[in-house]
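Raw final_17.cif, mmCIF, C-alpha atoms and all ligand atoms:
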data_data
loop_
_atom_site.label_atom_id
_atom_site.label_comp_id
_atom_site.auth_asym_id
_atom_site.auth_seq_id
_atom_site.Cartn_x
_atom_site.Cartn_y
_atom_site.Cartn_z
CA MET A 259 -2.20 -25.02 4.68
CA LYS A 260 -1.02 -24.28 1.13
CA GLN A 261 -1.78 -21.05 -0.71
CA THR A 262 -2.30 -20.65 -4.44
CA ASN A 263 -3.91 -18.45 -7.09
CA ILE A 264 -6.75 -19.48 -9.33
CA SER A 265 -5.80 -17.37 -12.32
CA VAL A 266 -8.35 -16.06 -14.76
CA PHE A 267 -6.78 -14.49 -17.85
CA VAL A 268 -8.66 -11.46 -19.07
CA PRO A 269 -6.95 -10.21 -22.25
CA HIS A 270 -7.34 -6.51 -22.79
CA ASN A 271 -8.47 -6.80 -26.38
CA GLY A 272 -9.51 -3.17 -26.64
CA CYS A 273 -6.32 -1.80 -25.16
CA PRO A 274 -5.52 1.56 -26.77
CA HIS A 275 -1.83 1.21 -25.94
CA ARG A 276 0.86 -0.58 -27.86
CA CYS A 277 3.65 -1.17 -25.39
CA THR A 278 6.78 -2.21 -27.27
CA PHE A 279 7.02 -5.61 -25.61
CA CYS A 280 3.37 -6.58 -25.60
CA ASP A 281 1.68 -9.30 -27.50
CA GLN A 282 -1.07 -9.86 -25.03
CA ARG A 283 -2.37 -12.96 -26.77
CA SER A 284 0.96 -14.76 -26.58
CA ILE A 285 1.52 -13.90 -22.96
CA SER A 286 -1.91 -14.89 -21.72
CA GLY A 287 -2.06 -17.86 -24.05
CA THR A 288 -5.68 -17.11 -24.83
CA GLN A 289 -7.54 -14.62 -26.95
CA ALA A 290 -11.14 -14.99 -25.81
CA ALA A 291 -12.26 -13.04 -22.77
CA PRO A 292 -13.93 -15.46 -20.33
CA ALA A 293 -17.61 -14.89 -19.57
CA ALA A 294 -18.67 -14.62 -15.92
CA GLU A 295 -20.42 -17.97 -16.28
CA GLU A 296 -17.17 -19.61 -17.38
CA VAL A 297 -15.41 -18.16 -14.34
CA ARG A 298 -18.20 -19.50 -12.15
CA GLU A 299 -17.76 -22.97 -13.67
CA LEU A 300 -13.99 -22.81 -13.21
CA LEU A 301 -14.31 -21.87 -9.54
CA ALA A 302 -17.07 -24.41 -8.90
CA ALA A 303 -14.85 -27.12 -10.38
CA GLN A 304 -11.88 -26.08 -8.22
CA THR A 305 -13.57 -25.67 -4.85
CA ASP A 306 -13.66 -29.32 -3.72
CA THR A 307 -10.18 -30.04 -5.10
CA LEU A 308 -8.72 -27.10 -3.19
CA ARG A 309 -10.51 -28.05 0.02
CA SER A 310 -9.45 -31.70 -0.14
CA SER A 311 -5.83 -30.74 -0.75
CA ASN A 312 -5.93 -28.31 2.18
CA THR A 313 -5.20 -25.39 -0.12
CA ARG A 314 -6.53 -21.84 0.08
CA ALA A 315 -6.67 -19.65 -3.00
CA GLU A 316 -6.97 -16.09 -4.17
CA ILE A 317 -9.00 -15.54 -7.33
CA ALA A 318 -6.67 -13.61 -9.63
CA PHE A 319 -7.67 -11.62 -12.71
CA PHE A 320 -4.48 -11.37 -14.74
CA GLY A 321 -3.48 -11.01 -18.34
CA GLY A 322 -4.38 -7.43 -19.22
CA SER A 323 -5.38 -4.20 -17.59
CA PHE A 324 -8.28 -5.41 -15.51
CA THR A 325 -9.54 -1.98 -14.49
CA GLY A 326 -9.48 -0.80 -18.11
CA ILE A 327 -11.99 -3.33 -19.44
CA ASP A 328 -15.69 -2.64 -19.93
CA ARG A 329 -17.18 -1.74 -16.54
CA GLY A 330 -20.24 -3.97 -16.84
CA TYR A 331 -18.09 -6.94 -17.80
CA MET A 332 -15.60 -6.18 -15.02
CA ARG A 333 -18.40 -6.03 -12.46
CA SER A 334 -19.81 -9.35 -13.67
CA LEU A 335 -16.42 -11.03 -13.13
CA LEU A 336 -15.98 -9.38 -9.73
CA ALA A 337 -19.48 -10.34 -8.61
CA THR A 338 -18.79 -13.97 -9.52
CA ALA A 339 -15.48 -14.03 -7.68
CA HIS A 340 -16.96 -12.23 -4.68
CA SER A 341 -19.79 -14.75 -4.40
CA PHE A 342 -17.25 -17.60 -4.10
CA VAL A 343 -15.22 -15.75 -1.48
CA ALA A 344 -18.42 -15.11 0.49
CA GLN A 345 -19.71 -18.67 0.12
CA TYR A 346 -16.45 -20.56 0.68
CA PRO A 347 -14.28 -18.43 2.98
CA ASP A 348 -12.42 -21.57 4.05
CA VAL A 349 -11.19 -21.97 0.44
CA TYR A 350 -11.12 -18.54 -1.22
CA THR A 351 -9.21 -15.89 0.70
CA GLY A 352 -9.65 -12.93 -1.62
CA ILE A 353 -9.46 -11.44 -5.09
CA ARG A 354 -6.49 -9.87 -6.83
CA CYS A 355 -6.02 -8.20 -10.20
CA SER A 356 -3.31 -6.62 -12.30
CA THR A 357 -3.65 -3.32 -14.10
CA ARG A 358 -1.92 -0.23 -15.41
CA PRO A 359 -0.97 2.55 -12.97
CA ASP A 360 -2.95 5.15 -14.92
CA PHE A 361 -6.09 2.99 -14.77
CA ILE A 362 -6.41 3.57 -11.04
CA ASP A 363 -8.54 6.33 -9.57
CA ASP A 364 -10.93 6.79 -6.66
CA GLU A 365 -13.96 5.63 -8.58
CA ILE A 366 -12.34 2.39 -9.72
CA LEU A 367 -10.91 1.66 -6.29
CA GLY A 368 -14.41 2.18 -4.88
CA ILE A 369 -15.75 -0.49 -7.24
CA LEU A 370 -12.92 -2.90 -6.40
CA GLU A 371 -13.57 -2.39 -2.68
CA GLU A 372 -17.27 -3.05 -3.18
CA TYR A 373 -16.38 -6.59 -4.29
CA GLY A 374 -13.73 -7.15 -1.64
CA MET A 375 -10.61 -6.81 -3.79
CA THR A 376 -7.68 -7.74 -1.55
CA ALA A 377 -4.68 -7.00 -3.78
CA VAL A 378 -3.97 -4.84 -6.81
CA GLU A 379 -0.82 -5.34 -8.83
CA LEU A 380 0.45 -2.47 -10.96
CA GLY A 381 2.42 -3.08 -14.13
CA ALA A 382 4.96 -0.38 -13.39
CA GLN A 383 7.69 -2.05 -15.50
CA SER A 384 10.26 0.66 -14.76
CA MET A 385 10.53 3.77 -12.62
CA ASP A 386 12.78 5.40 -15.21
CA SER A 387 10.81 7.93 -17.25
CA ARG A 388 12.95 7.53 -20.36
CA VAL A 389 12.59 3.73 -20.35
CA LEU A 390 8.82 4.11 -19.99
CA GLU A 391 8.75 6.59 -22.85
CA LEU A 392 10.96 4.53 -25.17
CA ASN A 393 8.75 1.52 -24.57
CA GLU A 394 5.58 3.50 -25.26
CA ARG A 395 4.00 2.67 -21.95
CA GLY A 396 1.91 5.84 -21.93
CA HIS A 397 2.33 6.45 -18.19
CA THR A 398 4.98 8.02 -16.01
CA PRO A 399 6.77 7.02 -12.80
CA GLU A 400 4.60 9.63 -11.06
CA ASP A 401 1.49 7.70 -12.15
CA VAL A 402 2.93 4.65 -10.38
CA GLU A 403 3.62 6.66 -7.22
CA ARG A 404 0.13 8.16 -7.23
CA ALA A 405 -1.66 4.85 -7.85
CA ALA A 406 0.49 3.02 -5.29
CA ALA A 407 -0.33 5.61 -2.61
CA MET A 408 -4.08 5.39 -3.39
CA ILE A 409 -4.07 1.59 -3.17
CA LYS A 410 -2.12 1.60 0.10
CA SER A 411 -4.37 4.27 1.61
CA ARG A 412 -7.37 1.96 1.18
CA GLY A 413 -5.63 -0.92 2.92
CA ILE A 414 -5.46 -2.97 -0.27
CA SER A 415 -2.30 -5.04 -0.72
CA LEU A 416 0.01 -3.40 -3.27
CA GLY A 417 1.80 -5.53 -5.85
CA LEU A 418 4.36 -3.96 -8.16
CA GLN A 419 5.63 -5.57 -11.34
CA MET A 420 8.88 -4.64 -13.04
CA MET A 421 10.63 -5.69 -16.21
CA THR A 422 14.36 -5.88 -16.82
CA GLY A 423 16.15 -5.31 -20.10
CA LEU A 424 13.57 -3.19 -21.91
CA TYR A 425 14.57 -0.90 -24.79
CA GLY A 426 16.90 1.76 -23.35
CA ASP A 427 17.16 0.00 -19.99
CA ARG A 428 20.32 -0.47 -17.94
CA PRO A 429 20.91 -2.68 -14.90
CA GLU A 430 21.36 0.41 -12.70
CA TYR A 431 17.91 1.69 -13.73
CA CYS A 432 16.45 -1.64 -12.61
CA VAL A 433 18.18 -1.30 -9.25
CA GLU A 434 16.73 2.22 -8.91
CA THR A 435 13.30 0.85 -9.80
CA ALA A 436 13.64 -1.72 -7.03
CA GLU A 437 14.67 1.00 -4.57
CA LYS A 438 11.58 3.00 -5.50
CA PHE A 439 9.31 -0.05 -5.16
CA ILE A 440 10.66 -0.56 -1.65
CA ALA A 441 10.10 3.11 -0.81
CA LEU A 442 6.52 2.88 -2.13
CA GLY A 443 5.79 0.11 0.37
CA ALA A 444 5.18 -2.73 -2.10
CA ASP A 445 3.66 -5.76 -0.37
CA THR A 446 4.65 -8.10 -3.21
CA VAL A 447 6.78 -7.82 -6.34
CA ARG A 448 7.03 -9.65 -9.63
CA ILE A 449 10.10 -9.43 -11.84
CA TYR A 450 9.85 -10.18 -15.53
CA PRO A 451 13.00 -10.18 -17.65
CA THR A 452 12.04 -8.98 -21.13
CA VAL A 453 11.15 -11.64 -23.67
CA ILE A 454 11.27 -10.26 -27.23
CA LEU A 455 8.28 -11.59 -29.12
CA GLU A 456 7.51 -11.79 -32.82
CA GLY A 457 4.88 -9.24 -33.81
CA THR A 458 5.90 -6.60 -31.26
CA ARG A 459 7.75 -3.29 -31.64
CA LEU A 460 10.65 -4.76 -29.69
CA GLY A 461 10.72 -7.61 -32.19
CA GLU A 462 11.14 -5.09 -35.03
CA LEU A 463 13.87 -3.19 -33.19
CA TYR A 464 15.63 -6.47 -32.44
CA LYS A 465 15.50 -7.59 -36.06
CA ASN A 466 16.80 -4.19 -37.22
CA GLY A 467 19.71 -4.53 -34.86
CA GLU A 468 18.63 -1.43 -32.89
CA TYR A 469 17.94 -3.31 -29.70
CA THR A 470 19.05 -6.31 -27.79
CA SER A 471 18.04 -7.08 -24.22
CA PHE A 472 20.40 -7.92 -21.35
CA THR A 473 22.21 -11.23 -21.81
CA PHE A 474 21.14 -14.27 -19.84
CA ASP A 475 24.11 -13.97 -17.50
CA GLU A 476 23.60 -10.22 -16.97
CA THR A 477 19.97 -10.92 -16.15
CA VAL A 478 20.82 -13.65 -13.66
CA GLU A 479 23.34 -11.39 -11.93
CA LEU A 480 20.90 -8.47 -11.87
CA CYS A 481 17.97 -10.56 -10.64
CA ALA A 482 20.16 -11.99 -7.87
CA LYS A 483 20.80 -8.42 -6.74
CA LEU A 484 17.11 -7.52 -6.97
CA LEU A 485 16.07 -10.62 -5.00
CA ARG A 486 18.54 -9.69 -2.27
CA MET A 487 17.20 -6.13 -2.13
CA PHE A 488 13.57 -7.20 -1.82
CA ASP A 489 14.47 -9.94 0.62
CA SER A 490 16.29 -7.45 2.88
CA ALA A 491 13.23 -5.20 2.74
CA GLY A 492 10.95 -8.13 3.70
CA ILE A 493 9.05 -7.97 0.39
CA PRO A 494 8.18 -11.34 -1.18
CA VAL A 495 9.04 -11.69 -4.86
CA ILE A 496 6.08 -13.81 -5.86
CA ARG A 497 7.19 -14.37 -9.45
CA LEU A 498 10.46 -14.20 -11.34
CA GLY A 499 10.19 -14.75 -15.09
CA LEU A 500 7.26 -15.56 -17.34
CA HIS A 501 5.34 -18.78 -16.75
CA ALA A 502 6.40 -21.65 -18.97
CA SER A 503 4.44 -21.40 -22.21
CA THR A 504 4.98 -23.09 -25.56
CA GLU A 505 3.31 -20.13 -27.26
CA VAL A 506 5.89 -17.75 -25.82
CA GLU A 507 8.69 -20.19 -26.69
CA ASN A 508 7.44 -20.38 -30.28
CA LYS A 509 7.20 -16.60 -30.71
CA MET A 510 10.35 -15.69 -28.82
CA LEU A 511 13.01 -13.91 -30.86
CA GLY A 512 15.37 -12.99 -28.04
CA GLY A 513 15.59 -11.75 -24.49
CA VAL A 514 15.58 -13.96 -21.44
CA TYR A 515 13.23 -16.83 -20.81
CA HIS A 516 13.89 -20.01 -18.88
CA PRO A 517 11.31 -22.19 -17.12
CA ALA A 518 13.66 -22.56 -14.14
CA LEU A 519 14.88 -18.95 -14.05
CA ARG A 520 14.15 -18.43 -10.38
CA GLU A 521 16.06 -21.53 -9.36
CA ILE A 522 19.01 -20.36 -11.50
CA VAL A 523 18.96 -16.93 -9.85
CA GLU A 524 18.72 -18.40 -6.35
CA SER A 525 21.57 -20.69 -7.25
CA ARG A 526 23.64 -17.64 -8.24
CA ILE A 527 22.96 -16.12 -4.83
CA PHE A 528 24.27 -19.30 -3.19
CA PHE A 529 27.35 -19.14 -5.43
CA GLU A 530 28.08 -15.55 -4.41
CA ASP A 531 27.55 -16.34 -0.71
CA MET A 532 29.72 -19.47 -0.85
CA LEU A 533 32.53 -17.67 -2.67
CA ALA A 534 32.50 -14.78 -0.18
CA GLU A 535 32.54 -17.16 2.79
CA MET A 536 35.29 -19.38 1.34
CA ARG A 537 37.44 -16.32 0.68
CA ARG A 538 36.81 -15.09 4.22
CA LEU A 539 37.67 -18.45 5.77
CA GLY A 540 40.77 -19.08 3.64
CA GLY A 541 41.93 -22.51 2.46
CA ASN A 542 40.58 -24.46 -0.48
CA GLU A 543 38.75 -27.54 0.90
CA PHE A 544 35.39 -26.94 2.57
CA VAL A 545 32.31 -28.57 3.97
CA VAL A 546 29.08 -26.83 3.01
CA CYS A 547 26.27 -27.59 5.46
CA THR A 548 22.75 -26.99 4.21
CA ASP A 549 19.18 -28.19 4.38
CA PRO A 550 18.58 -30.95 1.78
CA LYS A 551 16.05 -28.71 0.01
CA ASN A 552 18.90 -26.34 -1.01
CA ILE A 553 21.28 -28.90 -2.46
CA SER A 554 20.34 -28.46 -6.13
CA ARG A 555 20.77 -24.70 -5.80
CA ILE A 556 24.08 -25.09 -3.97
CA THR A 557 25.55 -27.24 -6.74
CA GLY A 558 23.80 -25.25 -9.49
CA GLN A 559 22.26 -26.28 -12.81
CA LYS A 560 24.56 -28.80 -14.50
CA LYS A 561 26.83 -28.42 -11.43
CA GLU A 562 27.63 -24.87 -12.54
CA ASN A 563 28.43 -23.58 -9.04
CA ARG A 564 30.72 -26.49 -8.27
CA ILE A 565 32.54 -26.09 -11.59
CA ARG A 566 32.95 -22.31 -11.18
CA LEU A 567 34.24 -22.67 -7.63
CA GLU A 568 36.65 -25.40 -8.67
CA LYS A 569 38.01 -23.14 -11.40
CA LEU A 570 38.70 -20.59 -8.67
CA GLY A 571 40.50 -23.24 -6.63
CA TYR A 572 37.74 -24.11 -4.14
CA ARG A 573 36.47 -27.65 -3.59
CA PHE A 574 33.66 -28.64 -1.29
CA GLU A 575 31.57 -31.50 -0.06
CA ILE A 576 27.98 -31.11 1.10
CA LYS A 577 26.65 -32.15 4.48
CA ASN A 578 22.91 -32.28 5.20
CA GLU A 579 21.93 -30.03 8.06
CA LYS A 580 18.18 -29.64 8.41
CA GLY A 581 17.00 -26.06 8.85
CA THR A 582 20.36 -24.51 7.85
CA ARG A 583 20.56 -22.27 4.80
CA LEU A 584 24.33 -22.14 4.52
CA ARG A 585 27.14 -22.87 6.96
CA ILE A 586 30.65 -23.47 5.71
CA TYR A 587 33.78 -24.60 7.45
CA ALA A 588 37.24 -25.28 6.08
CA LEU A 589 38.16 -28.97 6.13
CA GLN A 590 41.30 -28.43 8.20
CA ASP A 591 39.02 -26.96 10.93
CA THR A 592 37.10 -30.22 11.49
S1 LIG B 1 1.07 -4.29 -21.84
FE1 LIG B 1 -1.02 -3.82 -21.17
S2 LIG B 1 -1.23 -1.65 -21.59
FE2 LIG B 1 0.52 -2.33 -22.80
S3 LIG B 1 -0.33 -2.84 -24.80
FE3 LIG B 1 -0.30 -4.73 -23.58
S4 LIG B 1 -2.36 -4.83 -22.65
FE4 LIG B 1 -2.06 -2.73 -23.37
#
Write the structure described by the file as structure tokens, please.
Amino acid sequence: MKQTNISVFVPHNGCPHRCTFCDQRSISGTQAAPAAEEVRELLAAQTDTLRSSNTRAEIAFFGGSFTGIDRGYMRSLLATAHSFVAQYPDVYTGIRCSTRPDFIDDEILGILEEYGMTAVELGAQSMDSRVLELNERGHTPEDVERAAAMIKSRGISLGLQMMTGLYGDRPEYCVETAEKFIALGADTVRIYPTVILEGTRLGELYKNGEYTSFTFDETVELCAKLLRMFDSAGIPVIRLGLHASTEVENKMLGGVYHPALREIVESRIFFEDMLAEMRRLGGNEFVVCTDPKNISRITGQKKENRIRLEKLGYRFEIKNEKGTRLRIYALQDT
């Protein structure tokens, strides 16, 4: 049984905030807020397709600050989603939304519970108060802690979203953010390296030369570390990097965006593990045993891992070994 999200983008057109990185329209790829009837049509059109492909789905309201939109409109969307979950429990497993930490309180959680909300994701972005302030988020790390505790106390799955490379950010602050997410009991995490978009405050700072985000390589190295941390804590990272979007590509001034970012980061983790193991084993000719599904990440994009290891004096051949992540032996040991 496969699992997916049916995503409904709800842009927060009336948002009173102006976070430095945000151009909501570019990120969601749509400006118009969908009417409940349109959501109903979308779900009705998907139901048979999902069932026939043996896929179950959560209905996900993303794109803005869901709990900050007009209450009547929010309820109409929730009622529509809830009716599909109730009518087709074999297809729709629940409802999730993303929102700001300071848009969570008891009243709003009561409404979400009424409609069977199963997961709430908080755009925390950073747990460093100065980074939040510099990026005009308008909330504090304490708001994240408070909202996270309220969500967990109601038995709703807690998702936490972080960004890397914001204005004033440092890799060590991102690592501290990840540590705090783990301590808060996140059930899922999303990691978004900053993309600097035209028409945003970050875009102005970038053009003035006052800001540049982490480099691509710094981001890959950092995200590899973050993935390891969340993996060790048993927390799934359900997204790494923005979804591929031509609109974002067209408006991007700088920062880090790559449609295959996750694969590149996972490939870096394989590189680090292979290098450590080759150094431990000694020698310079190795056999790397792995499941066929890992081969592209073992060799790396454009054979990057192979080239880097060769530059360090290590050569290897790959042997298929179903079910194995990574097992290496030196050739003289065969
Ligand atoms: S990121 Fe969210 S809170 Fe910030 S300006 Fe954009 S819509 Fe508003």
Review point. Pick from A:Gly330, A:Gly381, A:Gly457, A:Gly352: nearest to ligand LIG 1 (chain B), with only C-alpha atoms and all ligand atoms counted?
Key: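 Closest residue, counting only C-alpha atoms and all ligand atoms: A:Gly381.
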Each residue of chain A lying at most 12 Å from ligand LIG 1 (chain B) should get a row with its shortest atom-to-atom pair and the distance in Å to one decimal, counting only C-alpha atoms and all ligand atoms; could you produce that, ordered by chain and increasing number, as CSV?
residue,atom,partner,partner_atom,distance
A:Phe267,CA,B:LIG1,S4,11.7
A:Val268,CA,B:LIG1,S4,9.8
A:Pro269,CA,B:LIG1,S4,7.1
A:His270,CA,B:LIG1,S4,5.3
A:Asn271,CA,B:LIG1,S4,7.4
A:Gly272,CA,B:LIG1,FE4,8.1
A:Cys273,CA,B:LIG1,FE4,4.7
A:Pro274,CA,B:LIG1,FE4,6.5
A:His275,CA,B:LIG1,S3,4.5
A:Arg276,CA,B:LIG1,S3,4.0
A:Cys277,CA,B:LIG1,FE2,4.2
A:Thr278,CA,B:LIG1,S3,7.6
A:Phe279,CA,B:LIG1,S1,7.2
A:Cys280,CA,B:LIG1,FE3,4.6
A:Asp281,CA,B:LIG1,FE3,6.3
A:Gln282,CA,B:LIG1,FE3,5.4
A:Arg283,CA,B:LIG1,FE3,9.1
A:Ser284,CA,B:LIG1,FE3,10.5
A:Ile285,CA,B:LIG1,FE3,9.4
A:Ser286,CA,B:LIG1,S4,10.1
A:Gln289,CA,B:LIG1,S4,11.9
A:Phe320,CA,B:LIG1,S4,10.5
A:Gly321,CA,B:LIG1,S4,7.6
A:Gly322,CA,B:LIG1,S4,4.8
A:Ser323,CA,B:LIG1,FE1,5.7
A:Phe324,CA,B:LIG1,S4,9.3
A:Thr325,CA,B:LIG1,S2,10.9
A:Gly326,CA,B:LIG1,S2,9.0
A:Ile327,CA,B:LIG1,S4,10.3
A:Ser356,CA,B:LIG1,FE1,9.6
A:Thr357,CA,B:LIG1,FE1,7.6
A:Arg358,CA,B:LIG1,S2,6.4
A:Pro359,CA,B:LIG1,S2,9.6
A:Asp360,CA,B:LIG1,S2,9.7
A:Phe361,CA,B:LIG1,S2,9.6
A:Leu380,CA,B:LIG1,FE1,10.4
A:Gly381,CA,B:LIG1,FE1,7.9
A:Ala382,CA,B:LIG1,S1,10.1
A:Gln383,CA,B:LIG1,S1,9.4
A:Leu390,CA,B:LIG1,FE2,10.9
A:Asn393,CA,B:LIG1,FE2,9.3
A:Glu394,CA,B:LIG1,FE2,8.1
A:Arg395,CA,B:LIG1,FE2,6.2
A:Gly396,CA,B:LIG1,S2,8.1
A:His397,CA,B:LIG1,S2,9.5
A:Gln419,CA,B:LIG1,S1,11.5
A:Met420,CA,B:LIG1,S1,11.8
A:Met421,CA,B:LIG1,S1,11.2
A:Thr452,CA,B:LIG1,S1,12.0
A:Thr458,CA,B:LIG1,S3,9.7
A:Arg459,CA,B:LIG1,S3,10.6
Exercise for review: Write out as a PyMOL selection string the residues lying within 12 Å of Leu463 in chain A, counting all atoms listed in the file and excluding same-chain residues fewer than 5 positions away.
Suggested key: chain A and resi 278-279+392-393+424-426+454-458+468-471+511-512
Could you work out an axis-aligned box for range 452-457 of chain A, taking every atom the file lists and adding 6 Å on each side, and report centre and edge lengths in Å to one decimal, as JSON?
{"center_x": 8.5, "center_y": -10.4, "center_z": -27.5, "size_x": 19.2, "size_y": 14.8, "size_z": 24.7}
Study note, to complete from the structure: re CA of Ser525 in chain A and CA of Glu562 in chain A: distance 9.1 Å
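The space between CA of Ala502 in chain A and CA of Val514 in chain A spans 12.2 Å.
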How close does range 464-512 of chain A get to range 447-450 of chain A? List, as a tab-separated table, each residue of range 464-512 of chain A within 7 Å, its nearest atom pair and the distance in Å to one decimal, counting all atoms listed in the file.
residue	atom	partner	partner_atom	distance
A:Pro494	CA	A:Val447	CA	6.4
A:Val495	CA	A:Val447	CA	4.7
A:Ile496	CA	A:Arg448	CA	5.7
A:Arg497	CA	A:Arg448	CA	4.7
A:Leu498	CA	A:Ile449	CA	4.8
A:Gly499	CA	A:Tyr450	CA	4.6
A:Leu500	CA	A:Tyr450	CA	6.2
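In this comparison, which uses all atoms listed in the file, the residue of A:Tyr515, A:Phe529, A:Tyr431, A:Tyr350 approaching Arg564 in chain A most closely is A:Phe529.
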Check your understanding: If we count only C-alpha atoms, what is near Thr557 in chain A at a cut-off of 12 Å, once residues fewer than 4 positions away on the same chain are taken out, given as a list in words?
Key ->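 My list of contacting residues is Glu521, Ile522, Glu524, Ser525, Arg526, Ile527, Phe528, Phe529, Met532, Val546, Thr548, Pro550, Lys551, Asn552, Ile553, Lys561, Glu562, Asn563, Arg564, Ile565, Arg566, Leu567, Glu568, Arg573, Phe574, Glu575 and Ile576 of chain A.
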Review point. Could you tell me, as a list in words, which residues have any atom at most 12 Å from (19.2, -8.8, -2.9), counting all atoms listed in the file?
Key: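 Counting all atoms listed in the file, I find these residues within 12 Å of (19.2, -8.8, -2.9): Val433, Ala436, Glu437, Ile440, Val478, Glu479, Leu480, Cys481, Ala482, Lys483, Leu484, Leu485, Arg486, Met487, Phe488, Asp489, Ser490, Ala491, Gly492, Ile493, Pro494, Val495, Val523, Glu524, Arg526, Ile527, Phe528, Glu530 and Asp531 of chain A.
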Review point. Of the residues A:Val378, A:Met332, A:Val389, A:Leu570, which is the one nearest to Gly413 in chain A, using all atoms listed in the file?
Key: A:Val378
Check your understanding: Quick one: residues within 12 Å of Phe342 in chain A, all atoms listed in the file counted, chain neighbours fewer than 5 positions away excluded, as a PyMOL selection string?
Key -> chain A and resi 264+297-305+315-317+335-337+347-353+373-374
Check your understanding: Pick the closest to Met375 in chain A from A:Ala441, A:Ile414, A:Leu519, A:Ile556: which is it, counting all atoms listed in the file?
Key ->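 When distances to Met375 in chain A are compared using all atoms listed in the file, the smallest one comes from A:Ile414.
Shortest atom-to-atom contact with Asp363 in chain A among A:Met510, A:Leu308, A:Val402, A:Leu442: A:Val402, counting only C-alpha atoms.
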Exercise for review: Quick one: pull the distance between CA of Ile369 in chain A and CA of Phe319 in chain A, Å, one decimal.
Suggested key: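 Result for CA of Ile369 in chain A versus CA of Phe319 in chain A: 14.8 Å, one decimal.
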Point to revise | Counting all atoms listed in the file, the residue of A:Asn263, A:Ser411, A:Thr422, A:Gln590 that sits nearest Thr473 in chain A | key: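 Distance minimum relative to Thr473 in chain A lands on A:Thr422.
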Exercise for review: For Met259 in chain A, list every protein, DNA or RNA residue within 8 Å, evaluated using all atoms listed in the file, and leave out those in the same chain fewer than 6 positions away; present the list as a ChimeraX atom specification.
Suggested key: /A:312-314
